[in-house]
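Asks: To be precise about what I am sending: the file is called my_file_14.txt and holds compact mmCIF, C-alpha atoms.
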# COMPACT_ATOMS: atom_id res chain seq x y z
CA MET A 142 96.76 82.16 106.27
CA THR A 143 94.05 83.79 108.39
CA GLU A 144 90.47 82.60 107.99
CA PHE A 145 87.91 85.34 108.26
CA THR A 146 84.35 85.03 109.45
CA LEU A 147 81.45 86.18 107.29
CA ALA A 148 81.10 89.50 109.12
CA GLN A 149 84.83 90.15 109.01
CA GLY A 150 84.97 89.36 105.29
CA PHE A 151 82.03 91.65 104.60
CA SER A 152 83.61 94.46 106.66
CA MET A 153 86.82 94.22 104.66
CA ILE A 154 84.84 94.88 101.48
CA ALA A 155 82.21 97.34 102.75
CA LEU A 156 84.41 99.47 105.02
CA ASN A 157 87.36 99.63 102.63
CA ALA A 158 88.07 103.29 101.68
CA GLN A 159 85.38 104.61 104.06
CA ARG A 160 86.18 107.53 106.36
CA SER A 161 87.06 106.20 109.77
CA SER A 162 86.70 109.36 111.81
CA HIS A 163 83.44 110.66 110.32
CA ARG A 164 79.91 109.42 110.01
CA THR A 165 79.05 109.34 106.32
CA ALA A 166 75.84 108.21 104.63
CA VAL A 167 77.65 105.43 102.76
CA LYS A 168 79.35 104.12 105.89
CA GLN A 169 76.03 104.14 107.71
CA ILE A 170 74.56 101.81 105.06
CA ALA A 171 77.58 99.51 105.35
CA LEU A 172 77.23 99.38 109.14
CA ARG A 173 73.54 98.48 108.98
CA SER A 174 74.40 95.58 106.71
CA LEU A 175 77.31 94.67 108.97
CA ALA A 176 74.93 94.17 111.90
CA ALA A 177 72.85 91.89 109.64
CA ALA A 178 76.07 90.05 108.69
CA VAL A 179 76.63 89.19 112.34
CA VAL A 180 73.12 87.71 112.51
CA LEU A 181 73.76 85.63 109.39
CA GLU A 182 77.07 84.49 110.83
CA CYS A 183 75.29 83.25 113.96
CA TYR A 184 72.70 81.56 111.71
CA LEU A 185 75.36 79.73 109.68
CA GLU A 186 77.21 78.68 112.81
CA GLY A 187 74.00 77.27 114.30
CA LYS A 188 73.92 79.82 117.10
CA LEU A 189 70.63 81.19 115.78
CA ARG A 190 68.45 78.13 115.43
CA ALA A 191 64.89 76.87 115.38
CA ALA A 192 63.10 77.67 118.62
CA ALA A 193 61.71 74.72 120.52
CA ASP A 194 57.93 74.24 120.00
CA GLN A 195 57.70 77.23 117.67
CA GLY A 196 58.08 75.67 114.23
CA GLU A 197 61.09 75.57 111.91
CA ASP A 198 60.90 79.18 110.77
CA GLU A 199 60.95 80.68 114.24
CA LEU A 200 64.57 81.18 115.29
CA GLU A 201 66.08 81.97 118.66
CA LEU A 202 69.61 82.68 119.83
CA ASP A 203 71.55 80.02 121.69
CA SER A 204 71.28 80.84 125.40
CA TYR A 205 74.97 80.12 126.01
CA LEU A 206 76.21 82.68 123.54
CA PRO A 207 78.44 85.61 124.49
CA GLY A 208 76.24 88.59 125.24
CA SER A 209 73.77 86.60 127.29
CA GLY A 210 73.77 86.76 131.04
CA ARG A 211 74.53 83.02 131.18
CA SER A 212 77.62 83.26 129.00
CA ASP A 213 80.41 80.76 129.52
CA TYR A 214 82.67 82.68 127.17
CA SER A 215 85.30 85.03 128.49
CA SER A 216 84.34 88.57 127.51
CA SER A 217 87.30 89.60 125.38
CA GLU A 218 87.23 93.09 123.93
CA THR A 219 88.31 92.12 120.45
CA GLY A 220 87.79 89.30 117.99
CA GLU A 221 84.81 87.33 116.84
CA GLU A 222 83.34 86.95 120.31
CA ALA A 223 83.43 90.69 120.98
CA TYR A 224 81.36 91.81 118.00
CA GLN A 225 79.00 88.86 118.22
CA ALA A 226 78.50 89.57 121.93
CA SER A 227 77.68 93.22 121.26
CA VAL A 228 75.12 92.52 118.53
CA ILE A 229 73.54 89.60 120.40
CA SER A 230 73.05 91.59 123.58
CA TRP A 231 71.41 94.44 121.63
CA LEU A 232 69.15 92.07 119.73
CA ARG A 233 68.07 90.23 122.84
CA GLY A 234 67.35 93.48 124.64
CA GLY A 235 67.00 91.75 128.01
CA ASN A 236 64.68 89.03 126.74
CA PRO A 237 66.69 85.79 126.31
CA GLY A 238 63.74 83.79 124.95
CA ARG A 239 63.05 86.20 122.10
CA HIS A 240 62.28 84.44 118.82
CA GLY A 241 61.32 85.40 115.30
CA GLN A 242 61.85 84.55 111.65
CA LEU A 243 65.19 85.21 109.93
CA ARG A 244 63.65 88.27 108.26
CA TRP A 245 62.70 89.67 111.66
CA TRP A 246 66.22 89.18 113.08
CA LEU A 247 67.84 90.77 110.05
CA LYS A 248 65.47 93.74 110.09
CA ARG A 249 66.02 94.20 113.81
CA ALA A 250 69.81 94.12 113.39
CA SER A 251 69.77 96.57 110.50
CA SER A 252 67.70 99.09 112.42
CA LEU A 253 69.99 99.38 115.44
CA SER A 254 70.67 102.89 116.68
CA GLN A 255 73.58 104.92 115.28
CA ARG A 256 75.39 104.82 118.61
CA LYS A 257 75.30 101.02 118.63
CA LEU A 258 76.39 100.83 115.01
CA MET A 259 79.37 103.07 115.78
CA HIS A 260 80.33 100.78 118.64
CA LEU A 261 80.05 97.79 116.30
CA GLU A 262 82.30 99.56 113.79
CA GLU A 263 84.90 100.17 116.45
CA VAL A 264 84.90 96.57 117.69
CA MET A 265 84.93 95.11 114.18
CA THR A 266 87.72 97.31 112.81
CA ARG A 267 89.78 96.66 115.92
CA SER A 268 89.40 92.91 115.40
CA LEU A 269 90.49 93.26 111.76
CA MET A 270 93.41 95.48 112.68
CA ASP A 271 94.53 92.93 115.27
CA LEU A 272 94.49 90.29 112.52
CA GLY A 273 96.52 92.60 110.29
CA ALA A 274 93.77 92.71 107.67
CA MET A 275 92.92 96.41 107.93
CA GLU A 276 94.71 99.67 108.62
CA GLU A 277 93.80 103.29 109.11
CA ILE A 278 95.50 105.63 106.67
CA PRO A 279 95.34 109.41 106.18
CA HIS A 280 92.73 110.61 103.67
CA LEU A 281 93.89 113.00 100.98
CA LEU A 282 91.29 115.55 102.07
CA GLY A 283 93.33 116.04 105.26
CA CYS A 284 95.94 117.80 103.06
CA ASP A 285 93.44 120.46 102.01
CA MET A 286 94.25 123.96 103.27
CA PHE A 287 90.89 124.39 104.99
CA PHE A 288 91.06 121.04 106.79
CA GLU A 289 94.76 121.22 107.60
CA SER A 290 94.61 124.77 109.00
CA SER A 291 91.57 123.90 111.15
CA GLY A 292 93.39 120.87 112.56
CA VAL A 293 90.77 118.44 111.23
CA GLU A 294 92.25 114.99 110.76
CA VAL A 295 90.63 112.91 108.03
CA LYS A 296 91.42 109.20 107.95
CA GLU A 297 90.07 106.21 106.09
CA TYR A 298 90.08 102.45 106.40
CA ARG A 299 92.15 100.42 104.00
CA SER A 300 91.88 96.63 103.79
CA LYS A 301 95.22 94.92 103.24
CA LEU A 302 95.46 94.00 99.57
CA PRO A 303 96.25 90.22 99.78
CA GLU A 304 93.40 89.62 102.25
CA TYR A 305 91.03 91.82 100.25
CA THR A 306 91.96 90.01 97.01
CA ARG A 307 91.40 86.61 98.58
CA MET A 308 88.03 87.63 99.91
CA ALA A 309 86.69 89.58 96.93
CA GLU A 310 88.15 87.46 94.14
CA GLY A 311 87.16 84.26 95.94
CA LEU A 312 83.55 85.44 95.91
CA ARG A 313 83.77 86.53 92.28
CA ALA A 314 85.11 83.11 91.31
CA GLU A 315 82.39 81.29 93.19
CA VAL A 316 79.57 83.39 91.76
CA LEU A 317 80.76 83.76 88.18
CA GLU A 318 82.03 80.21 87.73
CA ASP A 319 79.70 77.24 87.12
CA GLY A 320 79.30 74.94 90.08
CA PRO A 321 77.88 74.97 93.58
CA VAL A 322 77.85 78.18 95.63
CA SER A 323 78.56 77.91 99.34
CA ASP A 324 76.25 79.37 101.99
CA GLU A 325 78.90 81.94 102.95
CA ALA A 326 79.00 83.19 99.35
CA ILE A 327 75.19 83.38 99.20
CA CYS A 328 75.11 85.43 102.41
CA LEU A 329 77.94 87.67 101.24
CA LEU A 330 76.20 88.23 97.92
CA TRP A 331 72.99 89.22 99.69
CA LEU A 332 74.86 91.55 102.05
CA LEU A 333 76.63 93.22 99.13
CA ARG A 334 73.32 93.68 97.34
CA GLU A 335 71.67 95.19 100.40
CA SER A 336 74.60 97.54 101.06
CA GLY A 337 74.84 98.59 97.39
CA CYS A 338 78.43 97.28 97.15
CA LEU A 339 77.90 94.89 94.21
CA PRO A 340 79.19 97.40 91.62
CA ASP A 341 82.45 97.65 93.65
CA LEU A 342 83.18 94.00 92.89
CA PHE A 343 81.46 93.26 89.60
CA SER A 344 81.57 95.08 86.28
CA TYR A 345 78.31 96.08 84.55
CA GLN A 346 78.51 93.05 82.27
CA GLU A 347 79.19 90.78 85.23
CA LEU A 348 76.22 92.21 87.15
CA ASP A 349 73.93 90.62 84.55
CA GLN A 350 75.59 87.27 85.23
CA VAL A 351 75.20 87.87 88.98
CA ALA A 352 71.48 88.55 88.53
CA GLN A 353 71.16 85.30 86.56
CA ARG A 354 73.04 83.43 89.25
CA ILE A 355 70.76 84.83 91.96
CA ASN A 356 67.74 83.57 90.00
CA GLU A 357 69.32 80.11 89.71
CA LEU A 358 70.15 80.04 93.41
CA ASP A 359 66.63 81.09 94.28
CA VAL A 360 65.45 77.79 92.82
CA SER A 361 68.31 75.50 93.88
CA SER A 362 69.24 76.71 97.38
CA PRO A 363 66.72 76.97 100.25
CA LEU A 364 68.93 79.53 102.02
CA ALA A 365 69.08 81.73 98.92
CA HIS A 366 65.32 81.32 98.39
CA ASN A 367 64.72 82.50 101.94
CA LEU A 368 67.32 85.27 101.91
CA PHE A 369 67.05 86.97 98.54
CA TRP A 370 63.41 87.95 99.17
CA ILE A 371 64.40 89.87 102.28
CA ARG A 372 65.19 93.56 101.82
CA ILE A 373 66.85 95.60 104.54
CA GLY A 374 68.27 98.34 102.30
CA GLN A 375 66.59 101.65 103.03
CA GLY A 376 65.37 103.33 99.88
CA TRP A 377 66.50 106.84 100.77
CA GLY A 378 69.96 105.74 101.90
CA MET A 379 70.51 103.72 98.74
CA THR A 380 69.40 106.63 96.57
CA VAL A 381 71.94 108.86 98.30
CA LYS A 382 74.65 106.22 97.86
CA HIS A 383 73.95 105.80 94.15
CA PHE A 384 73.94 109.56 93.67
CA LEU A 385 77.31 109.88 95.44
CA GLN A 386 78.76 107.05 93.34
CA TRP A 387 77.50 108.71 90.18
CA LYS A 388 78.96 112.08 91.29
CA LYS A 389 82.37 110.54 91.95
CA ALA A 390 82.37 108.86 88.55
CA PHE A 391 81.19 112.07 86.87
CA VAL A 392 84.08 114.23 88.18
CA GLN A 393 86.51 111.78 86.62
CA THR A 394 85.17 112.50 83.12
CA THR A 395 86.58 115.38 81.06
CA VAL A 396 83.48 117.54 81.54
CA GLY A 397 83.27 116.64 85.22
CA ARG A 398 86.89 117.63 85.80
CA GLY A 399 86.25 121.07 84.36
CA MET A 400 83.13 121.45 86.49
CA LEU A 401 85.05 120.37 89.55
CA PHE A 402 87.73 122.96 88.92
CA LEU A 403 85.09 125.69 88.78
CA PHE A 404 82.94 124.31 91.60
CA PRO A 405 85.15 122.36 94.04
CA LEU A 406 82.15 121.78 96.32
CA LEU A 407 80.79 119.39 93.69
CA GLU A 408 83.07 116.62 95.05
CA ARG A 409 85.07 118.04 97.91
CA SER A 410 87.27 114.98 98.50
CA GLN A 411 88.42 115.10 94.88
CA ALA A 412 89.31 118.81 94.77
CA VAL A 413 91.99 119.25 97.40
CA PHE A 414 93.55 122.72 97.57
CA ILE A 415 97.13 123.11 98.81
CA GLU A 416 98.42 126.65 99.30
CA THR A 417 101.94 127.89 98.50
CA GLU A 418 103.93 130.03 100.91
CA ALA A 419 105.20 132.54 98.37
CA TRP A 420 103.26 134.78 96.00
CA PHE A 421 103.83 134.22 92.28
CA ALA A 422 105.43 130.87 93.08
CA ASN A 423 106.93 129.06 90.10
CA SER A 424 105.98 125.49 89.20
CA GLN A 425 108.84 123.99 91.21
CA ASP A 426 107.82 125.93 94.37
CA ARG A 427 104.25 124.79 93.91
CA LEU A 428 105.33 121.18 93.54
CA ASP A 429 107.54 121.47 96.63
CA ALA A 430 104.59 122.80 98.63
CA VAL A 431 102.49 119.82 97.53
CA LYS A 432 105.27 117.35 98.36
CA GLN A 433 105.80 118.90 101.77
CA ARG A 434 102.08 118.72 102.61
CA LEU A 435 101.75 115.12 101.41
CA GLU A 436 104.81 114.10 103.41
CA SER A 437 103.54 115.81 106.56
CA GLN A 438 100.22 113.92 106.28
CA GLY A 439 101.96 110.57 105.74
CA HIS A 440 100.96 109.85 102.12
CA ALA A 441 103.00 107.73 99.74
CA PHE A 442 103.48 109.55 96.43
CA THR A 443 105.53 109.62 93.24
CA VAL A 444 105.85 112.55 90.85
CA LEU A 445 105.16 111.04 87.44
CA ARG A 446 105.59 114.20 85.39
CA GLU A 447 106.86 117.64 86.34
CA GLY A 448 105.94 120.87 84.58
CA GLU A 449 103.31 123.59 84.84
CA SER A 450 100.66 121.07 85.98
CA PRO A 451 102.57 118.11 87.43
CA THR A 452 101.08 114.61 87.53
CA ILE A 453 101.44 112.89 90.90
CA LYS A 454 100.57 109.35 91.92
CA ILE A 455 99.25 109.56 95.49
CA ASP A 456 98.36 106.32 97.31
CA ASN A 457 97.99 104.52 93.96
CA LEU A 458 95.63 107.11 92.46
CA ILE A 459 96.76 109.65 89.89
CA TYR A 460 96.16 113.37 90.35
CA GLU A 461 97.04 116.50 88.42
CA ALA A 462 98.23 119.53 90.43
CA VAL A 463 96.66 122.49 88.63
CA PRO A 464 97.68 126.05 89.71
CA HIS A 465 94.69 127.75 91.33
CA LEU A 466 93.75 130.73 93.40
CA VAL A 467 91.12 131.00 96.10
CA THR A 468 89.87 134.32 97.36
CA MET A 469 89.28 134.66 101.06
CA ARG A 470 89.93 138.02 102.75
CA VAL A 471 93.07 137.98 100.64
CA PRO A 472 93.72 135.88 97.54
CA ILE A 473 95.64 132.68 98.26
CA GLN A 474 97.74 131.01 95.60
CA GLY A 475 98.26 127.30 95.43
CA VAL A 476 97.38 124.18 93.50
CA ARG A 477 94.28 122.08 93.27
CA LEU A 478 94.70 118.32 93.10
CA LEU A 479 92.26 116.96 90.56
CA PRO A 480 91.76 113.28 89.77
CA LYS A 481 93.20 112.27 86.45
CA ARG A 482 91.86 109.49 84.30
CA PRO A 483 94.19 106.46 84.18
CA LEU A 484 97.20 107.11 81.96
CA MET B 49 73.29 73.81 103.57
CA SER B 50 76.72 73.63 101.87
CA ARG B 51 79.42 75.38 103.84
CA GLN B 52 82.64 76.80 102.45
CA ARG B 53 85.65 74.52 102.95
CA SER B 54 88.17 75.69 105.52
CA MET B 55 91.71 76.55 104.44
CA GLU B 56 92.90 73.48 106.29
CA ALA B 57 90.59 71.25 104.25
CA ILE B 58 91.58 72.96 101.00
CA GLU B 59 95.29 72.63 101.75
CA SER B 60 94.97 68.90 102.32
CA SER B 61 92.75 68.00 99.36
CA GLU B 62 93.94 66.68 96.01
CA PHE B 63 91.56 68.70 93.86
CA VAL B 64 90.44 72.30 94.24
CA THR B 65 88.05 74.65 92.45
CA ILE B 66 89.09 77.92 90.84
CA GLY B 67 87.66 79.85 93.81
CA GLU B 68 89.80 77.85 96.18
CA LEU B 69 92.83 78.45 93.95
CA VAL B 70 92.15 82.18 94.28
CA ARG B 71 92.25 81.82 98.06
CA LEU B 72 95.36 79.66 97.98
CA THR B 73 97.43 81.80 95.66
CA THR B 74 95.95 85.29 96.21
CA THR B 75 95.57 85.68 92.46
CA ARG B 76 92.69 87.47 90.78
CA TYR B 77 89.88 85.25 89.52
CA SER B 78 89.93 86.84 86.08
CA THR B 79 93.67 86.13 85.80
CA LEU B 80 93.22 82.44 86.65
CA LYS B 81 90.31 82.20 84.26
CA PHE B 82 92.41 83.70 81.50
CA TYR B 83 95.29 81.30 82.23
CA THR B 84 92.82 78.40 82.14
CA GLU B 85 91.35 79.49 78.83
CA GLU B 86 94.84 79.86 77.39
CA GLY B 87 95.55 76.26 78.39
CA MET B 88 98.20 77.24 80.93
CA LEU B 89 96.38 75.61 83.86
CA PRO B 90 95.30 72.02 83.18
CA PHE B 91 92.03 70.93 84.77
CA GLU B 92 89.66 68.02 84.92
CA GLN B 93 85.94 68.19 84.26
CA ALA B 94 83.65 65.18 84.57
CA GLU B 95 80.96 66.63 82.30
CA GLU B 96 80.61 69.88 80.41
CA ASN B 97 78.38 71.56 82.98
CA LEU B 98 80.25 70.38 86.05
CA THR B 99 82.83 72.36 87.99
CA ARG B 100 86.40 72.41 86.75
CA ARG B 101 88.72 70.73 89.20
CA TYR B 102 92.42 71.49 89.39
CA ARG B 103 95.13 69.30 90.92
CA ARG B 104 96.10 71.44 93.90
CA GLU B 105 99.82 70.86 94.23
CA SER B 106 100.82 70.98 90.58
CA THR B 107 98.51 73.93 89.79
CA VAL B 108 99.73 76.04 92.71
CA LYS B 109 103.32 75.37 91.59
CA ARG B 110 102.46 76.27 88.02
CA ILE B 111 100.79 79.54 89.07
CA ALA B 112 103.90 80.43 91.07
CA LEU B 113 106.05 79.65 88.02
CA ILE B 114 103.85 81.78 85.74
CA LYS B 115 104.03 84.66 88.23
CA GLN B 116 107.82 84.32 88.34
CA LEU B 117 108.12 84.31 84.56
CA ARG B 118 105.81 87.30 84.28
CA SER B 119 107.83 89.24 86.83
CA ASP B 120 110.97 88.35 84.84
CA GLY B 121 109.38 90.31 82.02
CA LEU B 122 108.05 87.54 79.78
CA SER B 123 104.91 88.14 77.76
CA ILE B 124 102.03 85.64 77.79
CA PRO B 125 103.07 83.97 74.49
CA GLU B 126 106.63 83.69 75.86
CA VAL B 127 105.34 82.19 79.11
CA LYS B 128 103.31 79.67 77.12
CA LYS B 129 106.40 78.78 75.13
CA ALA B 130 108.40 78.36 78.34
CA LEU B 131 105.69 76.03 79.66
CA GLY B 132 105.97 73.97 76.48
CA LEU B 133 102.56 74.97 75.12
CA GLU B 134 101.60 75.86 71.57
CA VAL B 135 101.43 79.60 71.04
Go through the file and emit its structure as structure tokens.
Replies:
Amino acid sequence: MTEFTLAQGFSMIALNAQRSSHRTAVKQIALRSLAAAVVLECYLEGKLRAAADQGEDELELDSYLPGSGRSDYSSSETGEEAYQASVISWLRGGNPGRHGQLRWWLKRASSLSQRKLMHLEEVMTRSLMDLGAMEEIPHLLGCDMFFESSGVEVKEYRSKLPEYTRMAEGLRAEVLEDGPVSDEAICLLWLLRESGCLPDLFSYQELDQVAQRINELDVSSPLAHNLFWIRIGQGWGMTVKHFLQWKKAFVQTTVGRGMLFLFPLLERSQAVFIETEAWFANSQDRLDAVKQRLESQGHAFTVLREGESPTIKIDNLIYEAVPHLVTMRVPIQGVRLLPKRPL
Amino acid sequence: MSRQRSMEAIESSEFVTIGELVRLTTTRYSTLKFYTEEGMLPFEQAEENLTRRYRRESTVKRIALIKQLRSDGLSIPEVKKALGLEV
């Protein structure tokens, strides 16, 4: 059974179902928190510790860490050392004796440039893929006529289910159950709060319990007391994320589905259009066109119900293939895949 | 600071918490909680407000048995009956 570090565990939750080949607002928030996760990991492992003669609150990085000029570690390109080395070298910025409070280190990590964050994403996902905990799968949007015909490949990250369950459910158990909470769980909880991922793991009722637990920890744990007062989430980014989450939930309601059919731009990834070859295609031809496209893009699917608007389970989500027509220079017939509420 | 126990430490200890059981068996927390509340997973608790502790070996075996019975198509009351519990 593989043991994951704090940053790896957080990546498995925060990067799950995020587009791998594109820079999205939500992924950007996750990456900022991921850089902070690496700092917290160093802190827990004692690699970020109290600076000599500077007081307990002033922390500095161990001078023999990967990423420093005096490193004794071999510079591997993957694994824990690789991502720690990258973040540490950026944070040091050529000044090995740099010191500051935990808040300062976390803020500094979360405001790294986009180019550095993209590099961190690459190193981290590669380390998880090497451990067999993450894979890159085709995104359904890649099946859309406009994306497919332009040759745009859309892929997303998917954490392997057993590893994801162990990580996410382990945290849920620790937070929701009475008893002590480990430092790793406290850090993970803070990271999830700062990246806006808490609703992915906890229901609305459970979020109240989580808030209560945070208040308890604030009193009982010095780490939690120190950490939960630090905010690295950027207001604008979080607003965008919440709006996008709300939009995705809205298009899955009855009214939202109708709106999405009329205005596919409302939630583009949930309104995939697949064209049929023949004009006036019957329902079977339309279904065949959908099957062919899904197969060519490497999706796993099952047709649950055939008919005028077939129901198809694609990568564990259920969609309805509704006949539709788009008008370009000429009208194009096809189907639109719309998300269906759970059966 | 209280650090999380490593898998090695968990696998060699006599008692585990529900969170550690989740990690050992890759079962959802809510499922284990439900099994516990239904009396299907025996536990020990020193005082009311203290953490529930499960005997690792016997509990992991019991969870595997429950999973097997569930995949054989038994309902929860039937599983409880098979485990010799009152329905």
Asks: At a cut-off of 12 Å, using all atoms listed in the file, what residues contact Gln93 (chain B)? Leave out same-chain residues fewer than 2 positions from it and give the result as a VMD selection string.
Replies: (chain A and resid 319 to 320) or (chain B and resid 63 to 65 90 to 91 95 to 103)
Asks: Could you tell me which residues of chain B sit within 7 Å of chain A when counting only C-alpha atoms, and give me the result as number ranges by chain?
Replies: B: 49-52, 66-68, 70-71, 74, 76-77, 98-99
Asks: For His440 (chain A), list every protein, DNA or RNA residue within 7 Å, evaluated using all atoms listed in the file, and leave out those in the same chain fewer than 6 positions away; present the list as a list in words.
Replies: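 Once the nearby chain positions are removed, what remains is Pro279, Ile455 and Asp456 of chain A.
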Asks: Edge lengths and centre, in Å to one decimal, as AutoDock Vina command-line options: that's what I need for the box along x, y and z that holds all listed atoms of region 453-470 of chain A plus 5 Å on each side.
Replies:
--center_x 95.4 --center_y 121.3 --center_z 95.6 --size_x 22.2 --size_y 43.5 --size_z 24.3
Asks: Nearest to Glu62 (chain B): which of B:Arg110, B:Lys128, B:Arg118, B:Arg104 is it, counting only C-alpha atoms?
Replies: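 Among the listed residues, B:Arg104 lies closest to Glu62 (chain B).
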Asks: Hey, what's within 9 Å of Ala191 (chain A) if we count only C-alpha atoms and toss same-chain stuff fewer than 2 positions away? As an MDAnalysis selection string, please?
Replies: chainID A and resid 189 193:202 240
Asks: Give me the residues near region 443-447 of chain A as a list in words, where near means some atom within 9 Å (using only C-alpha atoms) and where sequence neighbours in that chain fewer than 3 positions away do not count.
Replies: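 With the cut-off at 9 Å, the set is Ser424, Gln425, Leu428, Lys432, Ser450, Pro451, Thr452, Ile453, Lys454, Ile455, Asp456 and Ile459 of chain A.
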Asks: As an exercise, work out the distance from CA of Pro405 (chain A) to CA of Val467 (chain A) in Å and give it to one decimal place.
Replies: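 Separating CA of Pro405 (chain A) from CA of Val467 (chain A) is a distance of 10.7 Å.
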Asks: Please measure the separation of CA of Arg398 (chain A) and CA of Leu385 (chain A), giving the value in Å to one decimal.
Replies: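 CA of Leu385 (chain A) lies 15.6 Å from CA of Arg398 (chain A).
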Asks: Quick one, how far is CA of Glu347 (chain A) from CA of Gln169 (chain A)?
Replies: 26.3 Å
Asks: Write out as a ChimeraX atom specification which residues come within 8 Å of Asp285 (chain A) when counting all atoms listed in the file, dropping same-chain ones fewer than 3 positions away.
Replies: /A:281-282,288-289,413-415
Asks: What does the file look like for those residues with C-alpha atoms, as a JSON list (two decimals), in the frame of the given file?
Replies:
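Result saved to result.json:
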[["chain", "number", "residue", "atom", "x", "y", "z"],
["A", 281, "LEU", "CA", 93.89, 113.00, 100.98],
["A", 282, "LEU", "CA", 91.29, 115.55, 102.07],
["A", 288, "PHE", "CA", 91.06, 121.04, 106.79],
["A", 289, "GLU", "CA", 94.76, 121.22, 107.60],
["A", 413, "VAL", "CA", 91.99, 119.25, 97.40],
["A", 414, "PHE", "CA", 93.55, 122.72, 97.57],
["A", 415, "ILE", "CA", 97.13, 123.11, 98.81]]
Asks: Give the answer as one residue: which of A:Asp426, A:Tyr345, A:Arg434, A:Trp420 has the shortest atom-to-atom distance to Pro472 (chain A), using all atoms listed in the file?
Replies: A:Trp420
Asks: Output region 248-263 of chain A as an mmCIF file, in the coordinates of the input, making sure N, CA and C atoms are there.
Replies:
data_model
loop_
_atom_site.group_PDB
_atom_site.id
_atom_site.type_symbol
_atom_site.label_atom_id
_atom_site.label_comp_id
_atom_site.auth_asym_id
_atom_site.auth_seq_id
_atom_site.Cartn_x
_atom_site.Cartn_y
_atom_site.Cartn_z
ATOM 1 N N LYS A 248 66.046 92.387 110.049
ATOM 2 C CA LYS A 248 65.470 93.740 110.090
ATOM 3 C C LYS A 248 65.831 94.417 111.404
ATOM 4 N N ARG A 249 65.743 93.642 112.472
ATOM 5 C CA ARG A 249 66.020 94.200 113.810
ATOM 6 C C ARG A 249 67.486 94.632 113.900
ATOM 7 N N ALA A 250 68.379 93.788 113.345
ATOM 8 C CA ALA A 250 69.810 94.120 113.390
ATOM 9 C C ALA A 250 70.096 95.358 112.549
ATOM 10 N N SER A 251 69.455 95.451 111.390
ATOM 11 C CA SER A 251 69.770 96.570 110.500
ATOM 12 C C SER A 251 69.156 97.883 110.972
ATOM 13 N N SER A 252 68.261 97.818 111.946
ATOM 14 C CA SER A 252 67.700 99.090 112.420
ATOM 15 C C SER A 252 68.211 99.454 113.823
ATOM 16 N N LEU A 253 69.387 98.985 114.155
ATOM 17 C CA LEU A 253 69.990 99.380 115.440
ATOM 18 C C LEU A 253 70.308 100.870 115.429
ATOM 19 N N SER A 254 70.427 101.447 116.615
ATOM 20 C CA SER A 254 70.670 102.890 116.680
ATOM 21 C C SER A 254 72.077 103.229 116.177
ATOM 22 N N GLN A 255 72.277 104.483 115.817
ATOM 23 C CA GLN A 255 73.580 104.920 115.280
ATOM 24 C C GLN A 255 74.690 104.725 116.300
ATOM 25 N N ARG A 256 74.373 104.961 117.562
ATOM 26 C CA ARG A 256 75.390 104.820 118.610
ATOM 27 C C ARG A 256 75.880 103.370 118.685
ATOM 28 N N LYS A 257 74.928 102.437 118.584
ATOM 29 C CA LYS A 257 75.300 101.020 118.630
ATOM 30 C C LYS A 257 76.089 100.615 117.383
ATOM 31 N N LEU A 258 75.677 101.160 116.254
ATOM 32 C CA LEU A 258 76.390 100.830 115.010
ATOM 33 C C LEU A 258 77.827 101.345 115.060
ATOM 34 N N MET A 259 78.005 102.513 115.660
ATOM 35 C CA MET A 259 79.370 103.070 115.780
ATOM 36 C C MET A 259 80.225 102.199 116.689
ATOM 37 N N HIS A 260 79.606 101.674 117.728
ATOM 38 C CA HIS A 260 80.330 100.780 118.640
ATOM 39 C C HIS A 260 80.719 99.503 117.893
ATOM 40 N N LEU A 261 79.778 99.002 117.085
ATOM 41 C CA LEU A 261 80.050 97.790 116.300
ATOM 42 C C LEU A 261 81.218 98.025 115.339
ATOM 43 N N GLU A 262 81.210 99.211 114.721
ATOM 44 C CA GLU A 262 82.300 99.560 113.790
ATOM 45 C C GLU A 262 83.649 99.524 114.507
ATOM 46 N N GLU A 263 83.658 100.093 115.691
ATOM 47 C CA GLU A 263 84.900 100.170 116.450
ATOM 48 C C GLU A 263 85.418 98.761 116.798
#
